[in-house]
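Dropping run21.cif in here (mmCIF, C-alpha atoms):
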```cif
data_protein
loop_
_atom_site.label_atom_id
_atom_site.label_comp_id
_atom_site.auth_asym_id
_atom_site.auth_seq_id
_atom_site.Cartn_x
_atom_site.Cartn_y
_atom_site.Cartn_z
CA MET A 6 0.00 0.00 0.00
CA LYS A 7 1.27 3.48 -0.90
CA TYR A 8 1.20 6.15 1.81
CA LYS A 9 1.40 9.50 0.03
CA THR A 10 0.31 11.82 2.87
CA PRO A 11 2.54 10.24 5.59
CA SER A 12 5.39 10.31 3.05
CA LEU A 13 4.88 14.05 2.42
CA ILE A 14 4.68 14.70 6.17
CA LEU A 15 8.01 12.90 6.69
CA ARG A 16 9.73 14.80 3.87
CA TYR A 17 8.46 18.32 4.58
CA GLY A 18 8.39 17.90 8.37
CA THR A 19 12.11 17.10 8.40
CA ILE A 20 12.91 19.97 6.01
CA THR A 21 10.82 22.42 8.07
CA GLY A 22 12.52 21.31 11.29
CA LEU A 23 15.96 21.72 9.74
CA ILE A 24 15.09 25.20 8.38
CA ILE A 25 13.81 26.32 11.81
CA ALA A 26 16.96 24.90 13.49
CA ILE A 27 19.28 26.66 11.00
CA LEU A 28 17.34 29.91 11.34
CA GLY A 29 17.61 29.57 15.13
CA GLU A 30 21.37 29.08 14.93
CA ILE A 31 21.80 32.11 12.63
CA LEU A 32 19.61 34.33 14.82
CA THR A 33 21.38 33.12 17.98
CA THR A 34 24.55 34.85 16.74
CA LEU A 35 22.56 38.13 16.86
CA ASN A 36 20.65 37.43 20.07
CA PRO A 37 21.22 34.40 22.38
CA ALA A 38 17.48 34.34 23.17
CA PHE A 39 16.88 32.72 19.76
CA LYS A 40 18.63 29.50 20.94
CA GLN A 41 15.15 28.26 21.86
CA LEU A 42 14.20 28.45 18.16
CA THR A 43 16.88 25.83 17.37
CA TYR A 44 15.37 23.50 19.96
CA TYR A 45 11.91 24.04 18.43
CA GLY A 46 13.41 22.96 15.08
CA LEU A 47 14.82 19.78 16.64
CA GLU A 48 11.47 19.11 18.33
CA VAL A 49 9.72 19.42 14.95
CA ILE A 50 12.19 16.85 13.50
CA VAL A 51 11.54 14.41 16.38
CA ALA A 52 7.76 14.90 16.16
CA THR A 53 7.68 14.31 12.39
CA PRO A 54 7.83 10.44 12.36
CA ILE A 55 5.28 10.35 15.20
CA ILE A 56 2.88 12.67 13.29
CA SER A 57 3.41 10.50 10.21
CA LEU A 58 2.46 7.40 12.24
CA THR A 59 -0.66 9.21 13.56
CA THR A 60 -1.68 9.89 9.95
CA ILE A 61 -1.14 6.22 9.07
CA ALA A 62 -3.40 5.25 12.00
CA ALA A 63 -6.05 7.71 10.75
CA ILE A 64 -5.83 6.36 7.17
CA HIS A 65 -6.46 2.81 8.40
CA ALA A 66 -9.27 3.96 10.71
CA ILE A 67 -11.02 5.61 7.72
CA LYS A 68 -10.61 2.38 5.72
CA HIS A 69 -12.10 0.38 8.64
CA ASP A 70 -8.87 -1.65 8.88
CA LEU A 71 -9.13 -2.01 12.64
CA LYS A 72 -6.15 -4.37 13.07
CA THR A 73 -3.60 -1.96 11.61
CA PHE A 74 -5.30 1.00 13.29
CA MET A 75 -5.05 -0.71 16.70
CA LEU A 76 -1.38 -1.63 16.13
CA ALA A 77 -0.54 1.97 15.14
CA THR A 78 -2.43 3.33 18.15
CA LEU A 79 -0.61 0.88 20.43
CA ALA A 80 2.76 2.03 19.04
CA LEU A 81 1.79 5.68 19.59
CA ALA A 82 0.56 4.95 23.12
CA VAL A 83 3.81 3.15 24.02
CA ILE A 84 5.90 6.05 22.65
CA PHE A 85 3.90 8.72 24.49
CA ILE A 86 3.50 6.97 27.83
CA THR A 87 7.08 5.69 28.19
CA ALA A 88 8.59 8.93 26.86
CA VAL A 89 6.62 11.01 29.39
CA ILE A 90 7.54 8.65 32.25
CA MET A 91 11.26 8.46 31.32
CA SER A 92 11.61 12.20 30.57
CA THR A 93 10.12 13.24 33.90
CA LYS A 94 12.29 10.82 35.91
CA PRO A 95 15.17 12.59 37.68
CA MET B 15 39.78 19.86 19.46
CA ARG B 16 38.02 22.74 17.70
CA LEU B 17 36.78 22.21 14.19
CA THR B 18 34.98 24.74 12.04
CA PRO B 19 31.34 24.10 11.09
CA ILE B 20 32.43 23.49 7.49
CA LEU B 21 34.66 20.62 8.61
CA ILE B 22 31.77 19.09 10.59
CA ILE B 23 29.57 19.25 7.46
CA VAL B 24 32.36 17.72 5.34
CA GLY B 25 32.86 14.90 7.88
CA ALA B 26 29.12 14.21 7.97
CA PHE B 27 29.07 14.24 4.16
CA GLY B 28 31.73 11.50 4.22
CA VAL B 29 29.76 9.49 6.78
CA GLY B 30 26.59 9.78 4.65
CA PHE B 31 28.48 8.83 1.48
CA ILE B 32 30.13 5.72 2.98
CA SER B 33 26.92 4.68 4.78
CA ALA B 34 24.87 4.81 1.58
CA ILE B 35 27.37 2.73 -0.40
CA ALA B 36 28.04 0.24 2.39
CA GLY B 37 24.29 -0.07 3.02
CA ILE B 38 24.45 0.66 6.74
CA GLY B 39 22.96 3.32 8.98
CA GLY B 40 25.08 6.37 9.72
CA GLY B 41 25.02 5.98 13.52
CA SER B 42 27.82 3.45 13.75
CA LEU B 43 30.16 5.96 12.03
CA LEU B 44 28.69 9.16 13.48
CA VAL B 45 29.21 8.24 17.14
CA PRO B 46 32.96 7.44 16.76
CA PHE B 47 33.34 10.53 14.50
CA LEU B 48 31.86 12.75 17.20
CA ILE B 49 33.85 11.18 20.05
CA LEU B 50 37.22 10.58 18.39
CA ALA B 51 37.45 13.31 15.74
CA LEU B 52 35.48 16.12 17.40
CA GLY B 53 36.23 15.25 21.04
CA TYR B 54 32.62 15.19 22.23
CA ASP B 55 31.49 13.63 25.51
CA VAL B 56 30.19 10.10 24.86
CA LYS B 57 26.62 10.84 26.03
CA ILE B 58 26.33 14.05 23.98
CA ALA B 59 27.70 12.16 20.95
CA ILE B 60 25.07 9.43 21.34
CA ALA B 61 22.21 11.94 21.74
CA THR B 62 23.36 14.08 18.81
CA SER B 63 23.88 11.03 16.58
CA LEU B 64 20.35 9.80 17.32
CA MET B 65 18.96 13.17 16.15
CA CYS B 66 20.79 12.77 12.83
CA ILE B 67 19.41 9.22 12.53
CA VAL B 68 15.87 10.64 12.77
CA VAL B 69 16.66 13.07 9.93
CA THR B 70 18.28 10.52 7.60
CA SER B 71 15.77 7.71 8.15
CA SER B 72 12.82 10.10 7.78
CA SER B 73 14.21 11.26 4.43
CA ALA B 74 14.77 7.67 3.24
CA SER B 75 11.49 6.21 4.54
CA SER B 76 9.55 9.08 2.96
CA GLU B 77 10.55 7.63 -0.40
CA TYR B 78 9.86 4.03 0.70
CA LEU B 79 6.37 4.97 1.95
CA ARG B 80 5.57 6.82 -1.30
CA ARG B 81 6.60 3.76 -3.34
CA GLY B 82 4.62 1.37 -1.10
CA LEU B 83 7.69 -0.66 -0.09
CA VAL B 84 7.02 -0.63 3.69
CA ASP B 85 5.28 -3.69 5.17
CA MET B 86 3.13 -1.72 7.60
CA ASN B 87 1.72 -4.74 9.45
CA THR B 88 5.21 -6.01 10.29
CA ALA B 89 6.45 -2.51 11.19
CA LEU B 90 3.54 -1.86 13.53
CA LEU B 91 3.74 -5.34 15.05
CA LEU B 92 7.39 -4.82 16.01
CA GLU B 93 7.41 -1.06 16.71
CA PRO B 94 5.71 -0.89 20.17
CA LEU B 95 8.40 -3.05 21.83
CA THR B 96 11.18 -1.43 19.74
CA ALA B 97 10.10 2.05 20.87
CA LEU B 98 9.86 0.83 24.46
CA GLY B 99 13.41 -0.54 24.12
CA ALA B 100 14.73 2.74 22.66
CA ILE B 101 13.27 4.89 25.43
CA THR B 102 14.52 2.45 28.11
CA GLY B 103 17.93 2.42 26.38
CA ALA B 104 18.16 6.21 26.41
CA TYR B 105 17.39 6.18 30.13
CA VAL B 106 20.02 3.47 30.72
CA THR B 107 22.62 5.64 28.91
CA LEU B 108 21.80 8.59 31.17
CA SER B 109 22.53 6.51 34.26
CA LEU B 110 25.68 4.71 33.02
CA PRO B 111 29.23 6.03 33.62
CA ALA B 112 31.04 7.31 30.48
CA ASN B 113 33.76 4.62 30.69
CA THR B 114 31.20 1.78 30.76
CA LEU B 115 29.53 3.31 27.69
CA LYS B 116 32.87 3.52 25.88
CA VAL B 117 33.59 -0.17 26.58
CA ALA B 118 30.11 -1.17 25.39
CA LEU B 119 30.38 1.05 22.30
CA GLY B 120 33.84 -0.34 21.51
CA ALA B 121 32.57 -3.92 21.82
CA LEU B 122 29.50 -3.21 19.65
CA PHE B 123 31.54 -1.50 16.91
CA LEU B 124 34.08 -4.33 17.05
CA TYR B 125 31.24 -6.79 16.37
CA ILE B 126 29.74 -4.66 13.54
CA SER B 127 33.14 -4.21 11.88
CA ALA B 128 33.94 -7.95 12.09
CA GLU B 129 30.49 -8.82 10.69
CA THR B 130 30.81 -6.27 7.84
CA ILE B 131 34.28 -7.49 6.82
CA TRP B 132 33.20 -11.15 7.06
CA LYS B 133 30.11 -10.54 4.90
CA ALA B 134 32.13 -8.54 2.35
CA LEU B 135 34.69 -11.34 2.06
CA HIS B 136 32.07 -14.10 1.85
CA GLU B 137 29.51 -12.21 -0.21
CA GLN B 138 26.86 -14.35 -1.84
CA LYS B 139 24.06 -13.45 -4.19
CA ASN B 140 20.77 -12.85 -2.37
CA HIS B 141 18.18 -15.39 -3.31
CA ALA B 142 14.78 -13.80 -3.86
CA GLN B 143 12.40 -14.62 -1.05
CA THR B 144 8.68 -14.56 -1.45
CA PRO B 145 6.55 -13.44 1.49
CA ARG B 146 4.82 -16.32 3.28
CA ALA B 147 2.67 -16.92 6.33
CA VAL B 148 4.49 -16.40 9.62
CA THR B 149 3.54 -18.36 12.75
CA THR B 150 2.52 -16.65 15.98
CA PHE B 151 5.66 -18.05 17.63
CA ARG B 152 7.88 -16.35 15.04
CA LYS B 153 5.98 -13.08 15.54
CA ALA B 154 6.49 -13.34 19.32
CA VAL B 155 10.22 -14.06 18.93
CA SER B 156 10.57 -11.14 16.49
CA SER B 157 8.80 -8.77 18.89
CA ALA B 158 11.08 -9.83 21.75
CA LEU B 159 14.20 -9.37 19.60
CA SER B 160 12.87 -5.98 18.44
CA PHE B 161 12.99 -4.81 22.03
CA MET B 162 16.73 -5.60 21.96
CA ALA B 163 17.07 -3.66 18.68
CA GLY B 164 15.37 -0.66 20.28
CA LEU B 165 17.50 -0.97 23.41
CA THR B 166 20.68 -0.99 21.28
CA SER B 167 19.45 2.06 19.37
CA GLY B 168 18.61 4.02 22.54
CA ILE B 169 21.81 3.11 24.38
CA PHE B 170 24.31 3.57 21.54
CA GLY B 171 22.69 6.24 19.35
CA ILE B 172 22.53 4.03 16.27
CA GLY B 173 19.55 3.17 14.08
CA GLY B 174 19.44 -0.51 14.99
CA GLY B 175 18.87 -1.64 11.39
CA VAL B 176 21.78 -4.05 11.88
CA ILE B 177 19.44 -6.09 14.14
CA LYS B 178 16.04 -5.28 12.57
CA VAL B 179 16.85 -6.33 8.99
CA PRO B 180 18.04 -9.88 10.00
CA ILE B 181 14.93 -10.26 12.22
CA MET B 182 12.69 -9.42 9.28
CA THR B 183 14.50 -11.51 6.68
CA TYR B 184 15.33 -14.62 8.74
CA ILE B 185 12.41 -14.80 11.19
CA MET B 186 9.58 -12.83 9.54
CA LYS B 187 10.60 -14.15 6.08
CA LEU B 188 10.32 -10.76 4.35
CA PRO B 189 12.11 -10.12 1.04
CA ILE B 190 15.30 -8.12 1.59
CA LYS B 191 14.04 -4.95 -0.16
CA THR B 192 10.85 -4.89 1.93
CA ALA B 193 12.88 -5.59 5.09
CA VAL B 194 15.24 -2.66 4.39
CA ALA B 195 12.33 -0.28 3.67
CA THR B 196 10.37 -1.44 6.73
CA SER B 197 13.46 -1.21 8.94
CA SER B 198 14.15 2.33 7.67
CA PHE B 199 10.60 3.42 8.57
CA MET B 200 10.91 1.82 12.01
CA VAL B 201 14.36 3.35 12.62
CA GLY B 202 12.86 6.86 12.30
CA LEU B 203 10.21 6.09 14.91
CA THR B 204 12.62 4.25 17.22
CA ALA B 205 15.26 6.99 17.07
CA ALA B 206 12.61 9.68 17.61
CA SER B 207 11.36 7.80 20.70
CA GLY B 208 14.85 7.63 22.22
CA GLU B 209 15.61 11.21 21.23
CA ILE B 210 12.59 12.50 23.19
CA VAL B 211 14.39 11.48 26.39
CA TYR B 212 17.74 13.00 25.30
CA LEU B 213 16.08 16.28 24.22
CA ALA B 214 14.17 16.48 27.50
CA LYS B 215 17.46 16.05 29.40
CA GLY B 216 19.23 18.65 27.21
CA LEU B 217 21.95 16.26 26.03
CA THR B 218 21.62 16.94 22.28
CA ASP B 219 24.01 19.54 20.86
CA PRO B 220 21.65 21.53 18.59
CA LEU B 221 24.33 23.23 16.42
CA THR B 222 26.25 19.99 15.78
CA ALA B 223 23.05 18.04 15.11
CA THR B 224 21.96 20.64 12.54
CA LEU B 225 25.37 20.79 10.84
CA LEU B 226 25.69 16.99 10.76
CA SER B 227 22.21 16.68 9.23
CA LEU B 228 23.14 19.25 6.57
CA GLY B 229 26.19 17.16 5.61
CA ILE B 230 24.85 13.63 5.93
CA ILE B 231 21.79 14.05 3.66
CA PRO B 232 23.64 15.16 0.48
CA GLY B 233 26.38 12.62 1.29
CA ALA B 234 23.82 9.80 1.41
CA ILE B 235 22.11 11.00 -1.81
CA ILE B 236 25.39 11.21 -3.75
CA GLY B 237 26.56 7.90 -2.22
CA ALA B 238 23.36 6.20 -3.38
CA LYS B 239 23.88 7.62 -6.89
CA CYS B 240 27.52 6.41 -6.96
CA LEU B 241 26.44 2.94 -5.85
CA LYS B 242 26.36 1.61 -9.42
CA LYS B 243 29.84 2.95 -10.22
CA THR B 244 31.60 1.60 -7.12
CA LYS B 245 32.15 -1.88 -5.77
CA PRO B 246 30.25 -2.04 -2.45
CA ARG B 247 32.40 -5.00 -1.41
CA TYR B 248 35.56 -2.85 -1.18
CA VAL B 249 33.68 0.02 0.47
CA LYS B 250 32.37 -2.42 3.08
CA ILE B 251 35.92 -3.65 3.77
CA VAL B 252 37.12 -0.03 4.15
CA PHE B 253 34.12 0.75 6.38
CA GLY B 254 34.83 -2.33 8.48
CA ALA B 255 38.50 -1.36 8.82
CA VAL B 256 37.61 2.23 9.83
CA LEU B 257 35.12 0.95 12.39
CA LEU B 258 37.67 -1.58 13.70
CA TYR B 259 40.18 1.25 14.20
CA ALA B 260 37.48 3.41 15.87
CA SER B 261 36.45 0.61 18.24
CA LEU B 262 40.08 -0.02 19.26
CA ARG B 263 40.60 3.75 19.80
CA LEU B 264 37.44 3.85 21.94
CA LEU B 265 38.56 0.86 24.02
CA THR B 266 42.02 2.32 24.57
CA SER B 267 40.74 5.84 25.38
CA ILE B 268 39.23 4.72 28.67
CA THR B 269 40.63 6.69 31.60
CA PRO B 270 40.77 5.24 35.12
#
```

Will you turn the file into structure tokens for me?
Amino acid sequence: MKYKTPSLILRYGTITGLIIAILGEILTTLNPAFKQLTYYGLEVIVATPIISLTTIAAIHAIKHDLKTFMLATLALAVIFITAVIMSTKP
Amino acid sequence: MRLTPILIIVGAFGVGFISAIAGIGGGSLLVPFLILALGYDVKIAIATSLMCIVVTSSSASSEYLRRGLVDMNTALLLEPLTALGAITGAYVTLSLPANTLKVALGALFLYISAETIWKALHEQKNHAQTPRAVTTFRKAVSSALSFMAGLTSGIFGIGGGVIKVPIMTYIMKLPIKTAVATSSFMVGLTAASGEIVYLAKGLTDPLTATLLSLGIIPGAIIGAKCLKKTKPRYVKIVFGAVLLYASLRLLTSITP
């Protein structure tokens, strides 16, 4: 099965994240407060595959393919729950 | 050691170029490059490498998804435990001493280099495999092994394709092209999962990650285009030798 929308999300999400990160680095040389912009860029890059997976789950939900939808949702749940638990641990 | 941003981009370009020709993920070269050539702390190197893995695998799997090469059922069956492994691995790295990580990294790279050289010297033509029904037992074994792949990715800052592709070809009986595409898609998700922890703990070097990504993408694209003109066998031997040298340097750089 071809996944055009998740594919576009992966491609342009990564490019957008990189552009934001580069812009952040350039602007940081003018004002250190822009360092946060670089982190936003990196966060966009990290979020991109997860957003792509969410779209895949939605595509299968629309097609009433419950098995794949449940597997995608399970993967997303595992990522979110464990990431929140591990990130908040001291 | 201070290197200019241009040199970091050039180094990443080389890593991307070699990785594309040798058919391996960039992580196993990026981590030693960051530690040995740029003098980064081992944990920062792992976190920064994992960020680059997200970028490269997202770019590659975008193409695989568009062409319909990813076996989504297999990817989603293995991904929950792989992601769990990656996040756990990232947390393990945070709590391990730098010297222990260097020993583990050295041992892992020693294994990868030996395996790469061995395969290059005993290269055989891949026999085409047709997809067939996989038993529940095989699925369970694959899921358990995927956790190990995720753990390796999270701990060492590599993609983990070196474990995922054999799982898919030998246990899940996927054709090699489908296995590579599916692994690439999973690597993006796995690396992103581990990277969430590293970003939250502020271990990723944003400037280096950005510069490395800028170098590794064109390097991988040009490497893939040069694939037909070069002999991957010799590139794999060179890659294995470089990695062997890097692993020995890592093992001997341990300070009491």

Inset, instruction - Report as a ChimeraX atom specification the full result of the PyMOL selection byres ((chain A) within 7 of (chain B)) when it is applied to this structure. - result: /A:6-9,12-13,15-16,19,23,26-27,30,43-44,50-51,54-55,73,76-77,79-80,83-84,87-88,91-92

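Atom to atom, atom CA of B:Leu226 and atom CA of B:Ala26 stand 5.2 Å apart.
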
Going by the chain IDs and residue numbers used in this file, which residues fall under the PyMOL selection byres ((chain B and resi 181-184) around 9)? Write them as an mmCIF file with C-alpha atoms, in the frame of the given file.
```
data_model
loop_
_atom_site.group_PDB
_atom_site.id
_atom_site.type_symbol
_atom_site.label_atom_id
_atom_site.label_comp_id
_atom_site.auth_asym_id
_atom_site.auth_seq_id
_atom_site.Cartn_x
_atom_site.Cartn_y
_atom_site.Cartn_z
ATOM 1 C CA THR B 88 5.210 -6.010 10.290
ATOM 2 C CA GLN B 143 12.400 -14.620 -1.050
ATOM 3 C CA SER B 156 10.570 -11.140 16.490
ATOM 4 C CA LEU B 159 14.200 -9.370 19.600
ATOM 5 C CA SER B 160 12.870 -5.980 18.440
ATOM 6 C CA ILE B 177 19.440 -6.090 14.140
ATOM 7 C CA LYS B 178 16.040 -5.280 12.570
ATOM 8 C CA VAL B 179 16.850 -6.330 8.990
ATOM 9 C CA PRO B 180 18.040 -9.880 10.000
ATOM 10 C CA ILE B 185 12.410 -14.800 11.190
ATOM 11 C CA MET B 186 9.580 -12.830 9.540
ATOM 12 C CA LYS B 187 10.600 -14.150 6.080
ATOM 13 C CA LEU B 188 10.320 -10.760 4.350
ATOM 14 C CA PRO B 189 12.110 -10.120 1.040
ATOM 15 C CA ILE B 190 15.300 -8.120 1.590
ATOM 16 C CA THR B 192 10.850 -4.890 1.930
ATOM 17 C CA ALA B 193 12.880 -5.590 5.090
ATOM 18 C CA VAL B 194 15.240 -2.660 4.390
ATOM 19 C CA THR B 196 10.370 -1.440 6.730
ATOM 20 C CA SER B 197 13.460 -1.210 8.940
#
```

Inset, instruction - Using the chain letters and numbering of this document, enumerate as a PyMOL selection string the residues selected by the PyMOL selection byres ((chain A and resi 61) around 8). - result: chain A and resi 8+11+57-60+62-65+74+77

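Closest to B:Gly103 among B:Leu43, B:Ile23, B:Val117, B:Ile169 is B:Ile169, based on all atoms listed in the file.
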
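Picture a line from atom CA of B:Ala121 to atom CA of B:Leu257; it runs 10.9 Å.
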
Legend entry - Residue with smallest distance to B:Tyr248 - pool B:Ile67, B:Ile32, B:Ala112, B:Ile58, counting all atoms listed in the file: B:Ile32

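If only C-alpha atoms are the atoms counted, then among B:Val29, B:Ala260, B:Val252, B:Ile126 the closest residue to B:Ile230 is B:Val29.
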
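With atom CA of B:Phe161 on one side and atom CA of A:Phe85 on the other, the separation reads 16.5 Å.
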
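You can rank A:Ala66, A:Ile86, A:Ile24, A:Ile14 by their closest distance to A:Gly46 using all atoms listed in the file, and at the top of that list sits A:Ile24.
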
Legend entry - Nearest residue to B:Gly41 from the set B:Ile172, B:Ile235, B:Ala154, B:Ile131 (distances using all atoms listed in the file): B:Ile172
